[in-house]
$ cat start_1.txt   # compact mmCIF, C-alpha atoms
# COMPACT_ATOMS: atom_id res chain seq x y z
CA MET A 429 0.00 0.00 0.00
CA GLY A 430 2.99 2.30 -0.05
CA ASP A 431 2.57 5.62 1.75
CA ALA A 432 -1.02 4.73 2.69
CA GLN A 433 0.35 2.24 5.23
CA ARG A 434 1.38 5.22 7.37
CA VAL A 435 -2.24 6.20 8.02
CA THR A 436 -2.46 6.61 11.79
CA GLU A 437 -4.86 4.55 13.89
CA SER A 438 -6.39 7.74 15.27
CA ASP A 439 -7.40 8.63 11.72
CA ARG A 440 -9.23 5.32 11.19
CA LEU A 441 -12.24 6.54 13.11
CA PRO A 442 -15.52 5.07 11.79
CA ASP A 443 -16.93 8.60 11.53
CA GLU A 444 -14.18 9.70 9.16
CA TRP A 445 -14.47 6.55 7.07
CA GLY A 446 -18.23 6.97 6.95
CA ARG A 447 -17.83 10.56 5.78
CA ILE A 448 -15.77 9.40 2.80
CA LEU A 449 -18.39 6.86 1.73
CA ASP A 450 -21.20 9.35 2.35
CA LEU A 451 -19.44 11.96 0.22
CA LEU A 452 -19.11 9.43 -2.59
CA ARG A 453 -22.78 8.48 -2.25
CA ARG A 454 -23.91 12.10 -2.46
CA ALA A 455 -21.55 12.93 -5.33
CA ARG A 456 -22.16 9.86 -7.50
CA GLY A 457 -25.22 8.09 -6.10
CA PHE A 458 -23.40 4.92 -5.10
CA THR A 459 -23.68 3.32 -1.69
CA PHE A 460 -21.20 0.61 -0.74
CA THR A 461 -23.12 -0.87 2.17
CA GLY A 462 -22.66 -4.63 1.97
CA TYR A 463 -19.13 -4.55 0.58
CA LYS A 464 -16.35 -6.07 2.66
CA HIS A 465 -14.64 -3.30 4.60
CA GLY A 466 -11.20 -4.61 3.61
CA VAL A 467 -12.06 -4.37 -0.10
CA LEU A 468 -13.10 -0.75 0.24
CA GLU A 469 -10.14 0.15 2.42
CA ARG A 470 -7.64 -1.34 -0.02
CA SER A 471 -9.07 0.64 -2.92
CA VAL A 472 -9.09 3.89 -0.95
CA SER A 473 -5.58 3.23 0.34
CA ARG A 474 -4.25 2.68 -3.18
CA ARG A 475 -5.70 6.00 -4.32
CA MET A 476 -4.21 7.73 -1.28
CA ALA A 477 -0.81 6.17 -2.02
CA VAL A 478 -0.91 7.44 -5.61
CA LEU A 479 -1.60 10.96 -4.32
CA GLY A 480 0.87 10.74 -1.45
CA ILE A 481 -1.89 11.35 1.10
CA THR A 482 -1.59 9.64 4.49
CA SER A 483 -4.69 10.94 6.26
CA TYR A 484 -8.30 9.94 5.65
CA THR A 485 -9.28 13.46 6.61
CA ALA A 486 -6.99 14.94 3.97
CA TYR A 487 -8.26 12.47 1.39
CA ARG A 488 -11.87 13.32 2.15
CA GLN A 489 -11.01 16.98 1.60
CA ARG A 490 -9.44 16.02 -1.75
CA LEU A 491 -12.62 14.21 -2.75
CA ALA A 492 -14.73 17.21 -1.77
CA ALA A 493 -12.54 19.59 -3.80
CA GLY A 494 -13.77 18.41 -7.19
CA PRO A 495 -15.40 15.60 -9.19
CA GLY A 496 -12.22 14.17 -10.70
CA GLU A 497 -11.03 12.20 -7.69
CA CYS A 498 -14.55 10.91 -6.98
CA ASP A 499 -14.65 9.42 -10.47
CA LEU A 500 -11.23 7.80 -10.06
CA LEU A 501 -12.12 6.33 -6.68
CA LEU A 502 -15.46 5.06 -7.92
CA ARG A 503 -13.74 3.34 -10.84
CA ALA A 504 -11.34 1.66 -8.42
CA LEU A 505 -14.15 0.56 -6.08
CA LEU A 506 -16.36 -0.96 -8.77
CA ILE A 507 -13.59 -3.35 -9.87
CA GLY A 508 -14.72 -4.09 -13.43
CA THR A 509 -12.06 -6.71 -14.25
CA THR A 510 -13.17 -9.33 -16.76
CA SER A 511 -12.25 -10.77 -20.15
CA PHE A 512 -13.57 -12.95 -22.97
CA PHE A 513 -13.79 -16.61 -21.91
CA ARG A 514 -12.03 -15.99 -18.62
CA ASP A 515 -10.95 -19.35 -17.09
CA PRO A 516 -11.11 -21.28 -20.41
CA SER A 517 -11.70 -24.70 -18.80
CA ALA A 518 -14.86 -23.43 -17.09
CA TRP A 519 -16.18 -21.98 -20.34
CA ASP A 520 -15.34 -25.20 -22.12
CA TYR A 521 -17.48 -27.05 -19.56
CA LEU A 522 -20.37 -24.69 -20.31
CA ARG A 523 -19.87 -25.32 -24.03
CA ARG A 524 -19.77 -29.11 -23.70
CA GLU A 525 -22.36 -29.70 -20.98
CA VAL A 526 -24.57 -26.80 -20.01
CA VAL A 527 -25.42 -25.10 -23.31
CA PRO A 528 -26.38 -28.39 -25.04
CA GLU A 529 -28.54 -29.27 -22.02
CA LEU A 530 -30.40 -25.97 -22.20
CA LEU A 531 -30.98 -26.35 -25.93
CA GLU A 532 -32.16 -29.94 -25.42
CA GLU A 533 -34.63 -28.81 -22.76
CA SER A 534 -35.87 -25.78 -24.70
CA VAL A 535 -39.57 -25.51 -25.49
CA PRO A 536 -40.79 -24.17 -28.87
CA GLY A 537 -42.03 -20.62 -28.53
CA ARG A 538 -40.10 -19.95 -25.32
CA GLU A 539 -36.74 -18.26 -25.59
CA ILE A 540 -33.83 -19.34 -23.42
CA ARG A 541 -33.16 -16.62 -20.85
CA VAL A 542 -29.59 -15.95 -19.74
CA TRP A 543 -28.55 -13.35 -17.18
CA SER A 544 -24.99 -12.04 -16.87
CA ALA A 545 -25.10 -10.25 -13.50
CA GLY A 546 -22.22 -7.88 -12.82
CA CYS A 547 -21.29 -7.92 -16.51
CA ALA A 548 -18.77 -5.02 -16.29
CA ARG A 549 -17.72 -4.11 -19.86
CA GLY A 550 -19.65 -7.00 -21.41
CA GLU A 551 -16.94 -9.46 -22.36
CA GLU A 552 -18.55 -12.36 -20.53
CA ALA A 553 -22.02 -11.53 -21.85
CA TYR A 554 -20.71 -11.64 -25.41
CA SER A 555 -18.80 -14.83 -24.59
CA LEU A 556 -22.16 -16.39 -23.65
CA ALA A 557 -23.70 -15.18 -26.91
CA ILE A 558 -20.85 -16.76 -28.87
CA LEU A 559 -21.29 -20.10 -27.07
CA PHE A 560 -24.97 -20.23 -27.99
CA ALA A 561 -24.34 -19.05 -31.56
CA GLU A 562 -21.80 -21.84 -32.00
CA ALA A 563 -24.15 -24.44 -30.56
CA ILE A 564 -27.19 -23.34 -32.56
CA GLY A 565 -25.18 -22.95 -35.77
CA ARG A 566 -27.16 -20.09 -37.29
CA GLY A 567 -24.39 -17.53 -37.38
CA PRO A 568 -24.26 -14.52 -35.05
CA VAL A 569 -28.06 -14.07 -34.80
CA LEU A 570 -29.79 -15.79 -31.85
CA PRO A 571 -33.57 -15.67 -32.34
CA ASP A 572 -34.28 -18.22 -29.58
CA VAL A 573 -31.90 -16.90 -26.91
CA ARG A 574 -32.10 -13.64 -24.95
CA ILE A 575 -29.11 -12.58 -22.88
CA PHE A 576 -29.63 -9.91 -20.25
CA ALA A 577 -26.43 -8.28 -18.98
CA THR A 578 -26.48 -5.92 -16.01
CA ASP A 579 -24.09 -3.86 -13.92
CA VAL A 580 -24.13 -0.84 -11.59
CA ASP A 581 -21.39 1.03 -13.48
CA PRO A 582 -22.79 3.25 -16.27
CA ASP A 583 -19.35 3.78 -17.81
CA ALA A 584 -18.78 0.02 -18.09
CA LEU A 585 -22.25 -0.42 -19.61
CA HIS A 586 -21.47 2.26 -22.21
CA VAL A 587 -18.45 0.23 -23.36
CA ALA A 588 -20.51 -2.97 -23.33
CA ARG A 589 -23.27 -1.50 -25.51
CA SER A 590 -20.75 -0.22 -28.04
CA GLY A 591 -19.18 -3.68 -28.30
CA LEU A 592 -15.83 -2.09 -29.14
CA TYR A 593 -12.71 -3.54 -27.50
CA PRO A 594 -8.96 -2.95 -27.80
CA ASP A 595 -6.83 -5.53 -29.55
CA LYS A 596 -5.31 -6.74 -26.27
CA ALA A 597 -8.79 -7.62 -24.95
CA VAL A 598 -9.34 -10.25 -27.64
CA THR A 599 -5.86 -11.73 -28.01
CA ALA A 600 -6.73 -14.79 -25.90
CA MET A 601 -9.85 -15.54 -27.96
CA PRO A 602 -9.47 -18.36 -30.53
CA SER A 603 -8.78 -16.76 -33.90
CA ARG A 604 -11.70 -18.54 -35.58
CA LEU A 605 -14.18 -17.12 -33.07
CA ARG A 606 -12.62 -13.68 -33.30
CA ASP A 607 -12.85 -13.67 -37.10
CA THR A 608 -16.44 -14.97 -37.05
CA TYR A 609 -17.97 -12.72 -34.40
CA LEU A 610 -15.83 -9.57 -34.34
CA THR A 611 -14.90 -7.04 -36.99
CA PRO A 612 -11.51 -5.27 -36.91
CA GLN A 613 -11.61 -1.48 -36.70
CA GLY A 614 -8.07 -0.13 -36.74
CA ASP A 615 -6.39 -1.39 -33.57
CA GLN A 616 -9.77 -2.38 -32.07
CA TYR A 617 -12.45 -5.01 -32.62
CA ARG A 618 -16.23 -4.57 -32.62
CA ILE A 619 -18.77 -7.30 -31.89
CA ARG A 620 -20.83 -7.96 -35.02
CA SER A 621 -24.24 -6.31 -34.95
CA GLY A 622 -26.24 -9.55 -35.03
CA LEU A 623 -24.56 -10.75 -31.86
CA ARG A 624 -24.89 -7.35 -30.16
CA CYS A 625 -28.63 -7.42 -30.76
CA SER A 626 -28.87 -10.68 -28.80
CA VAL A 627 -27.60 -9.01 -25.62
CA VAL A 628 -29.69 -6.47 -23.69
CA PHE A 629 -27.63 -4.30 -21.33
CA GLY A 630 -29.11 -2.45 -18.39
CA ARG A 631 -28.23 -0.93 -15.03
CA HIS A 632 -29.08 -3.18 -12.09
CA ASP A 633 -27.80 -3.52 -8.53
CA ILE A 634 -27.90 -7.19 -7.52
CA MET A 635 -27.77 -6.18 -3.84
CA ARG A 636 -30.84 -3.94 -3.93
CA ASP A 637 -32.89 -4.24 -7.12
CA VAL A 638 -35.57 -6.84 -7.85
CA PRO A 639 -33.95 -9.75 -9.74
CA LEU A 640 -34.98 -10.96 -13.16
CA SER A 641 -37.18 -14.06 -13.34
CA GLY A 642 -37.50 -17.22 -15.40
CA VAL A 643 -33.74 -17.39 -16.00
CA ASP A 644 -32.24 -20.61 -17.41
CA LEU A 645 -28.56 -19.72 -16.91
CA LEU A 646 -27.28 -17.10 -14.48
CA VAL A 647 -23.63 -16.04 -14.70
CA CYS A 648 -22.17 -13.99 -11.85
CA ARG A 649 -18.43 -14.45 -11.64
CA ASN A 650 -15.94 -12.89 -9.22
CA THR A 651 -18.51 -10.45 -7.83
CA LEU A 652 -19.87 -12.09 -4.68
CA MET A 653 -16.32 -12.29 -3.29
CA TYR A 654 -16.37 -8.53 -2.67
CA PHE A 655 -19.51 -8.63 -0.48
CA ASP A 656 -19.83 -9.48 3.20
CA THR A 657 -21.47 -12.78 4.15
CA THR A 658 -24.88 -11.26 4.91
CA THR A 659 -24.99 -9.54 1.52
CA GLN A 660 -23.80 -12.69 -0.25
CA ALA A 661 -26.67 -14.64 1.28
CA GLY A 662 -29.16 -11.98 0.20
CA VAL A 663 -27.85 -11.96 -3.36
CA LEU A 664 -28.05 -15.76 -3.55
CA ASP A 665 -31.65 -15.59 -2.35
CA GLY A 666 -32.28 -13.23 -5.26
CA PHE A 667 -30.63 -15.67 -7.64
CA ARG A 668 -32.84 -18.45 -6.29
CA PHE A 669 -35.85 -16.33 -7.21
CA ALA A 670 -34.41 -15.47 -10.64
CA LEU A 671 -33.61 -19.02 -11.74
CA ARG A 672 -36.28 -21.44 -12.82
CA GLY A 673 -36.22 -24.88 -11.20
CA GLY A 674 -33.31 -26.77 -12.75
CA GLY A 675 -31.65 -23.57 -13.99
CA PHE A 676 -27.87 -23.23 -13.88
CA LEU A 677 -25.73 -20.87 -11.80
CA PHE A 678 -22.15 -20.18 -12.93
CA LEU A 679 -19.86 -18.52 -10.35
CA GLY A 680 -16.19 -17.50 -10.26
CA ARG A 681 -13.30 -19.54 -8.92
CA ALA A 682 -13.00 -17.56 -5.68
CA GLU A 683 -16.66 -17.91 -4.68
CA THR A 684 -17.00 -21.40 -3.22
CA LEU A 685 -17.59 -20.14 0.31
CA ALA A 686 -20.32 -17.76 -0.85
CA ILE A 687 -22.58 -20.66 -1.81
CA TYR A 688 -21.50 -23.12 0.88
CA GLY A 689 -24.52 -24.21 2.92
CA HIS A 690 -27.08 -22.65 0.55
CA ASP A 691 -29.32 -25.69 0.09
CA THR A 692 -31.16 -24.30 -2.95
CA PHE A 693 -28.16 -24.93 -5.22
CA VAL A 694 -26.47 -28.29 -5.82
CA PRO A 695 -23.04 -28.61 -7.45
CA VAL A 696 -23.03 -29.88 -11.01
CA GLU A 697 -19.30 -29.43 -11.51
CA ARG A 698 -17.80 -28.08 -8.32
CA ARG A 699 -14.34 -27.51 -9.77
CA GLN A 700 -15.78 -25.23 -12.47
CA ARG A 701 -18.21 -23.55 -10.02
CA VAL A 702 -21.33 -24.67 -11.89
CA TYR A 703 -24.46 -25.26 -9.79
CA ARG A 704 -28.10 -26.02 -10.44
CA ARG A 705 -31.15 -24.65 -8.71
CA LEU A 706 -33.23 -27.37 -7.15
CA PRO A 707 -36.87 -27.50 -8.22
CA ASP A 708 -39.49 -28.10 -5.58
CA GLY A 709 -39.98 -31.79 -6.32
CA PRO A 710 -37.44 -34.04 -8.09
CA ALA A 711 -34.22 -35.20 -6.44
CA ALA A 712 -31.02 -33.27 -6.99
CA THR A 713 -29.37 -36.17 -8.80
CA GLU A 714 -31.92 -35.87 -11.60
CA HIS A 715 -30.83 -32.31 -12.31
CA ARG A 716 -27.29 -32.83 -13.40
CA PRO A 717 -26.55 -32.14 -17.09
CA ALA A 718 -27.92 -34.81 -19.43
CA ALA A 719 -24.44 -35.53 -20.83
CA ALA A 720 -23.16 -36.22 -17.32
CA ARG A 721 -26.09 -38.53 -16.58
CA ARG A 722 -25.42 -40.44 -19.80
CA ARG A 723 -21.78 -40.91 -18.80
CA ASP A 724 -22.89 -42.23 -15.40
CA ARG A 725 -25.17 -44.81 -17.02
CA ARG A 726 -22.34 -46.06 -19.25
CA ARG A 727 -20.11 -46.80 -16.23

$ encode --input "start_1.txt" --output "structure tokens"
Amino acid sequence: MGDAQRVTESDRLPDEWGRILDLLRRARGFTFTGYKHGVLERSVSRRMAVLGITSYTAYRQRLAAGPGECDLLLRALLIGTTSFFRDPSAWDYLRREVVPELLEESVPGREIRVWSAGCARGEEAYSLAILFAEAIGRGPVLPDVRIFATDVDPDALHVARSGLYPDKAVTAMPSRLRDTYLTPQGDQYRIRSGLRCSVVFGRHDIMRDVPLSGVDLLVCRNTLMYFDTTTQAGVLDGFRFALRGGGFLFLGRAETLAIYGHDTFVPVERRQRVYRRLPDGPAATEHRPAAARRRDRRR
């Protein structure tokens, strides 16, 4: 943490810390109630270190002096780190097991509903769209699949809606997928319009807003880890409401403890953090992916 480590204990008063968060709430409309205190403190401390400020009081005064530092702090606190097909083995599991299962279970006249919660700049939402486009085989247009992608950060959502990403953001994507679903624009790439139309972006706070409903696949990766345990439990209750019985939940690698003991979700592939919402009646073992059940029967 550099210079920020020299913050004195007398300056760690809850009142002073609360004033910083209250100032940010009034200036930008964001409240960080429910976030782990350590997560917030690390982000604030890094900004203080960059500025050479060692006092929370002095930093609060810097925030109050103008909008620039509020924007920089907010960007640091929202932590919008993501990428296309992050953790390739987990995405490969979705491709091999989960997406075919959802297509196999689909009912004519009812679109498959996918929710990317905490989508940041949209890379994972578009990754989902590509998986379904590949499985359906109709090119970049997905008439039977609707992907909803939400976040609290309006700047990140602006990037997501544009579908325009720097070259370095797509370097890890297989070249065939990149050439099929993205168009080069100078040193950037843009998601093709047919694929962009399959994703609906909107502002939503998973801690406070009413969740979506009737969702078949809910993706929320590396977001719950920043919330305290009470908030995590509340968010998972919202996900339980959002998912239909038998729907899939896909979490990040660091979020095992968040779901531990939540008896609504059963692990489908624990290593890849894929779970399934239990319906009210059938046993959990009947709600593993069909491909996995077929493998079991062959043994």

$ closest_atom_pairs --input "start_1.txt" --of "region 589-699 of chain A" --to "region 535-551 of chain A" --cutoff "8 Å" --atoms "only C-alpha atoms" --output "CSV"
residue,atom,partner,partner_atom,distance
A:Arg589,CA,A:Gly550,CA,7.8
A:Gly591,CA,A:Gly550,CA,7.7
A:Ile634,CA,A:Ala545,CA,7.3
A:Leu640,CA,A:Trp543,CA,8.0
A:Gly642,CA,A:Arg541,CA,7.0
A:Val643,CA,A:Arg541,CA,4.9
A:Asp644,CA,A:Arg541,CA,5.3
A:Leu645,CA,A:Val542,CA,4.8
A:Leu646,CA,A:Trp543,CA,4.8
A:Val647,CA,A:Ser544,CA,4.7
A:Cys648,CA,A:Ala545,CA,5.0
A:Arg649,CA,A:Gly546,CA,7.7
A:Thr651,CA,A:Gly546,CA,6.7

$ atom_distance --input "start_1.txt" --atom1 "CA of Pro602 (chain A)" --atom2 "CA of Val573 (chain A)"
22.8 Å

$ residues_near_point --input "start_1.txt" --point "(-26.8, -2.2, -14.3)" --cutoff "12 Å" --atoms "only C-alpha atoms" --output "MDAnalysis selection string"
chainID A and resid 506 543:550 576:586 588:589 628:639

$ atom_distance --input "start_1.txt" --atom1 "CA of Arg668 (chain A)" --atom2 "CA of Leu530 (chain A)"
17.8 Å

$ closest_residue --input "start_1.txt" --among "A:Arg488, A:Arg672, A:Arg698, A:Arg704" --to "Asp443 (chain A)" --atoms "all atoms listed in the file"
A:Arg488

$ atom_distance --input "start_1.txt" --atom1 "CA of Trp519 (chain A)" --atom2 "CA of Val598 (chain A)"
15.4 Å

$ residues_around --input "start_1.txt" --residues "region 455-459 of chain A" --least-positions-apart "5" --cutoff "8 Å" --atoms "all atoms listed in the file" --output "list in words"
Leu449, Asp450, Pro495 and Cys498 of chain A

$ residues_near_point --input "start_1.txt" --point "(-13.7, -22.9, -13.2)" --cutoff "12 Å" --atoms "all atoms listed in the file" --output "PDB file with C-alpha atoms, keeping the file's coordinate frame"
ATOM      1  CA  PHE A 513     -13.790 -16.610 -21.910  1.00  0.00           C
ATOM      2  CA  ARG A 514     -12.030 -15.990 -18.620  1.00  0.00           C
ATOM      3  CA  ASP A 515     -10.950 -19.350 -17.090  1.00  0.00           C
ATOM      4  CA  PRO A 516     -11.110 -21.280 -20.410  1.00  0.00           C
ATOM      5  CA  SER A 517     -11.700 -24.700 -18.800  1.00  0.00           C
ATOM      6  CA  ALA A 518     -14.860 -23.430 -17.090  1.00  0.00           C
ATOM      7  CA  TRP A 519     -16.180 -21.980 -20.340  1.00  0.00           C
ATOM      8  CA  ASP A 520     -15.340 -25.200 -22.120  1.00  0.00           C
ATOM      9  CA  TYR A 521     -17.480 -27.050 -19.560  1.00  0.00           C
ATOM     10  CA  LEU A 522     -20.370 -24.690 -20.310  1.00  0.00           C
ATOM     11  CA  ARG A 649     -18.430 -14.450 -11.640  1.00  0.00           C
ATOM     12  CA  ASN A 650     -15.940 -12.890  -9.220  1.00  0.00           C
ATOM     13  CA  PHE A 678     -22.150 -20.180 -12.930  1.00  0.00           C
ATOM     14  CA  LEU A 679     -19.860 -18.520 -10.350  1.00  0.00           C
ATOM     15  CA  GLY A 680     -16.190 -17.500 -10.260  1.00  0.00           C
ATOM     16  CA  ARG A 681     -13.300 -19.540  -8.920  1.00  0.00           C
ATOM     17  CA  ALA A 682     -13.000 -17.560  -5.680  1.00  0.00           C
ATOM     18  CA  GLU A 683     -16.660 -17.910  -4.680  1.00  0.00           C
ATOM     19  CA  THR A 684     -17.000 -21.400  -3.220  1.00  0.00           C
ATOM     20  CA  VAL A 696     -23.030 -29.880 -11.010  1.00  0.00           C
ATOM     21  CA  GLU A 697     -19.300 -29.430 -11.510  1.00  0.00           C
ATOM     22  CA  ARG A 698     -17.800 -28.080  -8.320  1.00  0.00           C
ATOM     23  CA  ARG A 699     -14.340 -27.510  -9.770  1.00  0.00           C
ATOM     24  CA  GLN A 700     -15.780 -25.230 -12.470  1.00  0.00           C
ATOM     25  CA  ARG A 701     -18.210 -23.550 -10.020  1.00  0.00           C
ATOM     26  CA  VAL A 702     -21.330 -24.670 -11.890  1.00  0.00           C
ATOM     27  CA  TYR A 703     -24.460 -25.260  -9.790  1.00  0.00           C
TER      28      TYR A 703
END

$ residues_around --input "start_1.txt" --residues "Leu592 (chain A)" --least-positions-apart "2" --cutoff "7 Å" --atoms "all atoms listed in the file" --output "ChimeraX atom specification"
/A:587,590,616-619

$ closest_residue --input "start_1.txt" --among "A:Ala563, A:Val526, A:Leu505, A:Met653" --to "Ser471 (chain A)" --atoms "only C-alpha atoms"
A:Leu505
